[in-house]
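entry_24.cif follows (mmCIF, C-alpha atoms):
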data_start
loop_
_atom_site.group_PDB
_atom_site.id
_atom_site.type_symbol
_atom_site.label_atom_id
_atom_site.label_comp_id
_atom_site.auth_asym_id
_atom_site.auth_seq_id
_atom_site.Cartn_x
_atom_site.Cartn_y
_atom_site.Cartn_z
ATOM 1 C CA MET A 1 94.705 172.047 81.779
ATOM 2 C CA ASP A 2 92.014 174.171 80.194
ATOM 3 C CA THR A 3 88.324 173.622 80.905
ATOM 4 C CA GLN A 4 87.523 172.311 77.424
ATOM 5 C CA ALA A 5 90.192 169.582 77.653
ATOM 6 C CA LEU A 6 88.999 168.742 81.141
ATOM 7 C CA ALA A 7 85.406 168.460 79.909
ATOM 8 C CA LEU A 8 86.553 166.016 77.223
ATOM 9 C CA ALA A 9 88.760 163.983 79.573
ATOM 10 C CA LEU A 10 86.289 163.452 82.431
ATOM 11 C CA PRO A 11 83.892 161.133 80.533
ATOM 12 C CA LEU A 12 86.857 159.084 79.289
ATOM 13 C CA ILE A 13 88.250 158.769 82.801
ATOM 14 C CA GLY A 14 84.821 157.760 84.103
ATOM 15 C CA TRP A 15 84.397 155.194 81.328
ATOM 16 C CA ALA A 16 87.865 153.736 81.963
ATOM 17 C CA SER A 17 87.167 153.482 85.709
ATOM 18 C CA HIS A 18 83.815 151.827 85.117
ATOM 19 C CA THR A 19 85.350 149.350 82.653
ATOM 20 C CA ALA A 20 88.093 148.458 85.149
ATOM 21 C CA LEU A 21 85.490 147.878 87.871
ATOM 22 C CA LEU A 22 83.376 145.629 85.626
ATOM 23 C CA THR A 23 86.451 143.670 84.517
ATOM 24 C CA HIS A 24 87.436 143.145 88.153
ATOM 25 C CA ARG A 25 83.924 141.965 89.060
ATOM 26 C CA LEU A 26 83.857 139.535 86.142
ATOM 27 C CA ALA A 27 87.270 138.106 87.067
ATOM 28 C CA THR A 28 86.229 137.790 90.702
ATOM 29 C CA ALA A 29 82.990 136.021 89.798
ATOM 30 C CA ARG A 30 84.921 133.361 87.907
ATOM 31 C CA ARG A 31 87.156 132.477 90.882
ATOM 32 C CA ASP A 32 86.084 131.147 94.243
ATOM 33 C CA PRO A 33 87.421 133.553 96.895
ATOM 34 C CA LEU A 34 88.257 130.799 99.402
ATOM 35 C CA THR A 35 89.962 128.208 97.207
ATOM 36 C CA GLY A 36 91.012 130.193 94.150
ATOM 37 C CA LEU A 37 89.433 127.555 91.906
ATOM 38 C CA ARG A 38 87.065 128.484 89.120
ATOM 39 C CA THR A 39 83.433 128.960 90.075
ATOM 40 C CA ARG A 40 80.612 127.083 88.367
ATOM 41 C CA ALA A 41 80.293 129.766 85.664
ATOM 42 C CA GLY A 42 84.020 129.987 84.998
ATOM 43 C CA TRP A 43 84.510 126.232 84.977
ATOM 44 C CA THR A 44 81.457 125.444 82.842
ATOM 45 C CA ALA A 45 82.552 127.615 79.919
ATOM 46 C CA LEU A 46 85.963 125.937 79.799
ATOM 47 C CA ALA A 47 84.597 122.430 80.385
ATOM 48 C CA GLU A 48 82.173 122.741 77.464
ATOM 49 C CA ARG A 49 85.086 123.692 75.222
ATOM 50 C CA VAL A 50 87.113 120.683 76.439
ATOM 51 C CA ILE A 51 84.195 118.336 75.737
ATOM 52 C CA ARG A 52 83.851 119.662 72.182
ATOM 53 C CA ARG A 53 87.576 119.291 71.466
ATOM 54 C CA HIS A 54 88.585 116.148 73.380
ATOM 55 C CA ARG A 55 86.702 112.918 72.800
ATOM 56 C CA ASP A 56 88.508 111.183 75.679
ATOM 57 C CA ALA A 57 87.606 113.846 78.266
ATOM 58 C CA VAL A 58 86.565 112.707 81.735
ATOM 59 C CA VAL A 59 84.297 114.738 84.015
ATOM 60 C CA LEU A 60 84.669 114.309 87.777
ATOM 61 C CA LEU A 61 82.348 115.352 90.565
ATOM 62 C CA LEU A 62 83.733 115.334 94.119
ATOM 63 C CA ASP A 63 82.181 115.794 97.530
ATOM 64 C CA LEU A 64 83.812 115.813 100.957
ATOM 65 C CA ASP A 65 82.478 113.081 103.231
ATOM 66 C CA ASP A 66 81.217 114.033 106.689
ATOM 67 C CA PHE A 67 82.000 117.700 106.079
ATOM 68 C CA LYS A 68 79.304 118.902 108.493
ATOM 69 C CA ASN A 69 80.792 116.710 111.204
ATOM 70 C CA LEU A 70 84.251 118.174 110.515
ATOM 71 C CA ASN A 71 82.851 121.722 110.845
ATOM 72 C CA ASP A 72 80.891 120.831 113.992
ATOM 73 C CA SER A 73 83.814 119.031 115.645
ATOM 74 C CA HIS A 74 86.718 121.318 114.724
ATOM 75 C CA GLY A 75 85.081 124.616 113.745
ATOM 76 C CA HIS A 76 84.389 126.377 110.480
ATOM 77 C CA ALA A 77 87.970 127.579 110.124
ATOM 78 C CA ALA A 78 89.056 123.925 110.066
ATOM 79 C CA GLY A 79 86.355 123.204 107.489
ATOM 80 C CA ASP A 80 87.612 126.077 105.338
ATOM 81 C CA PHE A 81 91.142 124.730 105.684
ATOM 82 C CA ALA A 82 89.958 121.289 104.521
ATOM 83 C CA LEU A 83 88.287 122.907 101.499
ATOM 84 C CA VAL A 84 91.467 124.814 100.612
ATOM 85 C CA VAL A 85 93.628 121.701 100.966
ATOM 86 C CA THR A 86 91.205 119.669 98.834
ATOM 87 C CA ALA A 87 91.222 122.400 96.182
ATOM 88 C CA GLU A 88 95.023 122.480 96.142
ATOM 89 C CA ARG A 89 95.249 118.707 95.838
ATOM 90 C CA LEU A 90 92.665 118.612 93.042
ATOM 91 C CA ALA A 91 94.322 121.459 91.129
ATOM 92 C CA ALA A 92 97.740 119.796 91.469
ATOM 93 C CA TRP A 93 96.316 116.507 90.186
ATOM 94 C CA CYS A 94 94.684 118.254 87.217
ATOM 95 C CA GLY A 95 97.887 120.065 86.330
ATOM 96 C CA ARG A 96 97.966 121.199 82.721
ATOM 97 C CA ASN A 97 95.725 118.376 81.514
ATOM 98 C CA GLY A 98 92.580 119.441 83.316
ATOM 99 C CA ILE A 99 90.560 122.159 84.958
ATOM 100 C CA ALA A 100 89.315 122.136 88.548
ATOM 101 C CA GLY A 101 86.431 124.121 89.994
ATOM 102 C CA ARG A 102 84.347 124.531 93.103
ATOM 103 C CA LEU A 103 80.612 124.288 92.656
ATOM 104 C CA GLY A 104 79.932 125.517 96.170
ATOM 105 C CA GLY A 105 79.872 124.182 99.702
ATOM 106 C CA ASP A 106 81.972 121.033 99.765
ATOM 107 C CA GLU A 107 81.397 120.091 96.102
ATOM 108 C CA PHE A 108 84.169 120.240 93.549
ATOM 109 C CA VAL A 109 84.319 119.445 89.869
ATOM 110 C CA ALA A 110 87.089 118.721 87.382
ATOM 111 C CA ILE A 111 87.532 117.816 83.766
ATOM 112 C CA ALA A 112 90.565 116.054 82.334
ATOM 113 C CA ARG A 113 91.318 116.085 78.621
ATOM 114 C CA GLN A 114 92.081 112.371 78.584
ATOM 115 C CA ALA A 115 91.482 109.378 80.833
ATOM 116 C CA PRO A 116 93.220 110.216 84.103
ATOM 117 C CA ASP A 117 94.713 108.028 86.808
ATOM 118 C CA LEU A 118 91.828 108.032 89.284
ATOM 119 C CA GLU A 119 93.712 105.932 91.842
ATOM 120 C CA SER A 120 96.336 108.658 92.221
ATOM 121 C CA LEU A 121 93.576 111.241 92.677
ATOM 122 C CA ASP A 122 91.909 109.089 95.320
ATOM 123 C CA ALA A 123 95.228 108.673 97.138
ATOM 124 C CA ALA A 124 96.001 112.398 96.962
ATOM 125 C CA LEU A 125 92.603 113.535 98.183
ATOM 126 C CA ASN A 126 92.105 111.092 101.036
ATOM 127 C CA GLN A 127 95.031 112.091 103.204
ATOM 128 C CA PRO A 128 94.579 113.584 106.675
ATOM 129 C CA VAL A 129 95.922 117.069 107.249
ATOM 130 C CA ALA A 130 97.383 118.766 110.311
ATOM 131 C CA TYR A 131 95.440 121.768 111.545
ATOM 132 C CA ALA A 132 95.832 123.622 114.862
ATOM 133 C CA GLY A 133 97.438 120.671 116.578
ATOM 134 C CA HIS A 134 94.816 118.223 115.343
ATOM 135 C CA ARG A 135 94.857 115.660 112.605
ATOM 136 C CA LEU A 136 91.845 116.322 110.386
ATOM 137 C CA PRO A 137 90.539 113.338 108.465
ATOM 138 C CA ILE A 138 89.740 114.232 104.869
ATOM 139 C CA SER A 139 87.658 111.808 102.899
ATOM 140 C CA VAL A 140 86.347 112.605 99.421
ATOM 141 C CA SER A 141 83.848 110.695 97.292
ATOM 142 C CA VAL A 142 84.513 110.904 93.564
ATOM 143 C CA GLY A 143 82.275 110.103 90.632
ATOM 144 C CA SER A 144 83.471 110.166 87.054
ATOM 145 C CA CYS A 145 82.070 110.060 83.556
ATOM 146 C CA HIS A 146 83.989 109.282 80.388
ATOM 147 C CA VAL A 147 82.440 111.606 77.830
ATOM 148 C CA LYS A 148 83.002 109.115 74.993
ATOM 149 C CA ASP A 149 80.606 106.689 76.751
ATOM 150 C CA LEU A 150 77.680 109.118 76.505
ATOM 151 C CA PRO A 151 75.183 108.839 73.636
ATOM 152 C CA VAL A 152 75.481 112.613 73.153
ATOM 153 C CA ARG A 153 78.556 114.454 74.370
ATOM 154 C CA SER A 154 77.173 117.142 76.646
ATOM 155 C CA LEU A 155 78.408 118.631 79.880
ATOM 156 C CA SER A 156 75.018 118.346 81.574
ATOM 157 C CA ASP A 157 74.811 114.609 80.787
ATOM 158 C CA ALA A 158 78.399 114.078 81.916
ATOM 159 C CA LEU A 159 77.741 115.880 85.211
ATOM 160 C CA ALA A 160 74.557 113.884 85.799
ATOM 161 C CA THR A 161 76.421 110.608 85.204
ATOM 162 C CA ALA A 162 79.332 111.684 87.427
ATOM 163 C CA ASP A 163 76.847 112.762 90.109
ATOM 164 C CA SER A 164 75.200 109.317 90.109
ATOM 165 C CA ALA A 165 78.616 107.658 90.325
ATOM 166 C CA MET A 166 79.633 109.969 93.164
ATOM 167 C CA TYR A 167 76.542 109.118 95.200
ATOM 168 C CA ALA A 168 77.150 105.438 94.549
ATOM 169 C CA ALA A 169 80.707 105.931 95.864
ATOM 170 C CA LYS A 170 79.384 107.879 98.834
ATOM 171 C CA GLY A 171 77.188 104.921 99.748
ATOM 172 C CA THR A 172 80.265 102.749 100.277
ATOM 173 C CA SER A 173 82.772 105.443 101.108
ATOM 174 C CA GLY A 174 84.070 106.767 104.354
ATOM 175 C CA ARG A 175 87.137 106.254 106.388
ATOM 176 C CA ARG A 176 86.278 102.638 107.155
ATOM 177 C CA GLY A 177 84.755 101.414 103.906
ATOM 178 C CA PRO A 178 86.114 100.918 100.404
ATOM 179 C CA ARG A 179 85.603 103.645 97.812
ATOM 180 C CA THR A 180 84.185 102.946 94.407
ATOM 181 C CA LEU A 181 85.053 105.031 91.388
ATOM 182 C CA ASN A 182 83.121 104.790 88.135
ATOM 183 C CA ARG A 183 85.746 104.042 85.501
#

Represent the structure contained in this file as C-alpha cells.
Amino acid sequence: MDTQALALALPLIGWASHTALLTHRLATARRDPLTGLRTRAGWTALAERVIRRHRDAVVLLLDLDDFKNLNDSHGHAAGDFALVVTAERLAAWCGRNGIAGRLGGDEFVAIARQAPDLESLDAALNQPVAYAGHRLPISVSVGSCHVKDLPVRSLSDALATADSAMYAAKGTSGRRGPRTLNR
C-alpha cells in the first residue's frame, strides 16, 4: 500500500474504531450488566413510547423485601442470584407484551401494553429459590398504575402512583402477611 493511500485510510480506520467503541458503550449503558434487563435510561425511552401508543398500559414498580437481610445472611453472591432470578421471572412474565427494567439496587420496573394478570406475576415472583444448598426466600412488593386512570398520561406520574402503591404493599407484605396490589 502506498503512503498516500495509507494516509487516507488511517483517519477512516480511526473513525470506524471510535464509532464502534461509542456504539458499544451506548448499548452497554442501556443494559444492566448483572441482570441483562434494560437500565433506567433504556427502559424510560421505551416506556414513554408505550404510554403514548397504548391507552391501557400498566406501569409496575417492584422492590425485593428484606433484601439487606438476604445479603447479610447469605452473602452478596446470594443477593445477586436473587436479583438475577427476579429479573428472569419478571422478563418472562412481561414476554412480548411488556418491557422490564432494573432501576438499580433491588428495584425493578415494568410496563405492560394492556392490563396484565398481576396475580400470576405475584405468584411467579414470590417463590423461594435454591442457592448453594440453601433455600432463599424471595419476596417482592409490587405497585401498579393503570395509565388510563391518570388525569394526564405521563410516565413520571405513573411511576409516582406505582411507587405509592408499592410502598402501601410493602407495609403489609412479607413472607407472613398478605400482599396488596393496586389494581

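If you measure from each of A:Val84, A:Ala130, A:Val59, A:Val50 to A:Ser144 using all atoms listed in the file, the closest one turns out to be A:Val59.
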
Practice problem: Apply the PyMOL selection byres ((chain A and resi 158-165) around 6) to the file shown and report the selected residues as a VMD selection string. | Solution: chain A and resid 60 to 61 143 to 145 155 to 157 166 to 168 182

Quiz item: Which of these, A:Val152, A:Ala41, A:Leu90, A:Val58, has the shortest distance to A:Ala123 once you count all atoms listed in the file?
Solution: A:Leu90

Give me, as CSV, the closest atom pair and its distance (Å, one decimal) for every residue of stretch 39-68 of chain A within a cut-off of 10 Å of stretch 98-107 of chain A, counting all atoms listed in the file, rows sorted by chain and rising number.
residue,atom,partner,partner_atom,distance
A:Thr39,CA,A:Arg102,CA,5.4
A:Arg40,CA,A:Leu103,CA,5.1
A:Ala41,CA,A:Leu103,CA,8.9
A:Gly42,CA,A:Gly101,CA,8.1
A:Trp43,CA,A:Gly101,CA,5.8
A:Thr44,CA,A:Gly101,CA,8.8
A:Leu46,CA,A:Ile99,CA,7.9
A:Ala47,CA,A:Ile99,CA,7.5
A:Val50,CA,A:Gly98,CA,8.9
A:Ala57,CA,A:Gly98,CA,9.0
A:Val58,CA,A:Gly98,CA,9.2
A:Val59,CA,A:Gly98,CA,9.6
A:Leu60,CA,A:Ala100,CA,9.1
A:Leu61,CA,A:Glu107,CA,7.3
A:Leu62,CA,A:Glu107,CA,5.7
A:Asp63,CA,A:Glu107,CA,4.6
A:Leu64,CA,A:Asp106,CA,5.7
A:Asp65,CA,A:Asp106,CA,8.7
A:Asp66,CA,A:Asp106,CA,9.9
A:Phe67,CA,A:Asp106,CA,7.1
A:Lys68,CA,A:Asp106,CA,9.4

Quiz item: Interatomic distance between atom CA of A:Arg38 and atom CA of A:Ile111?
Solution: 11.9 Å
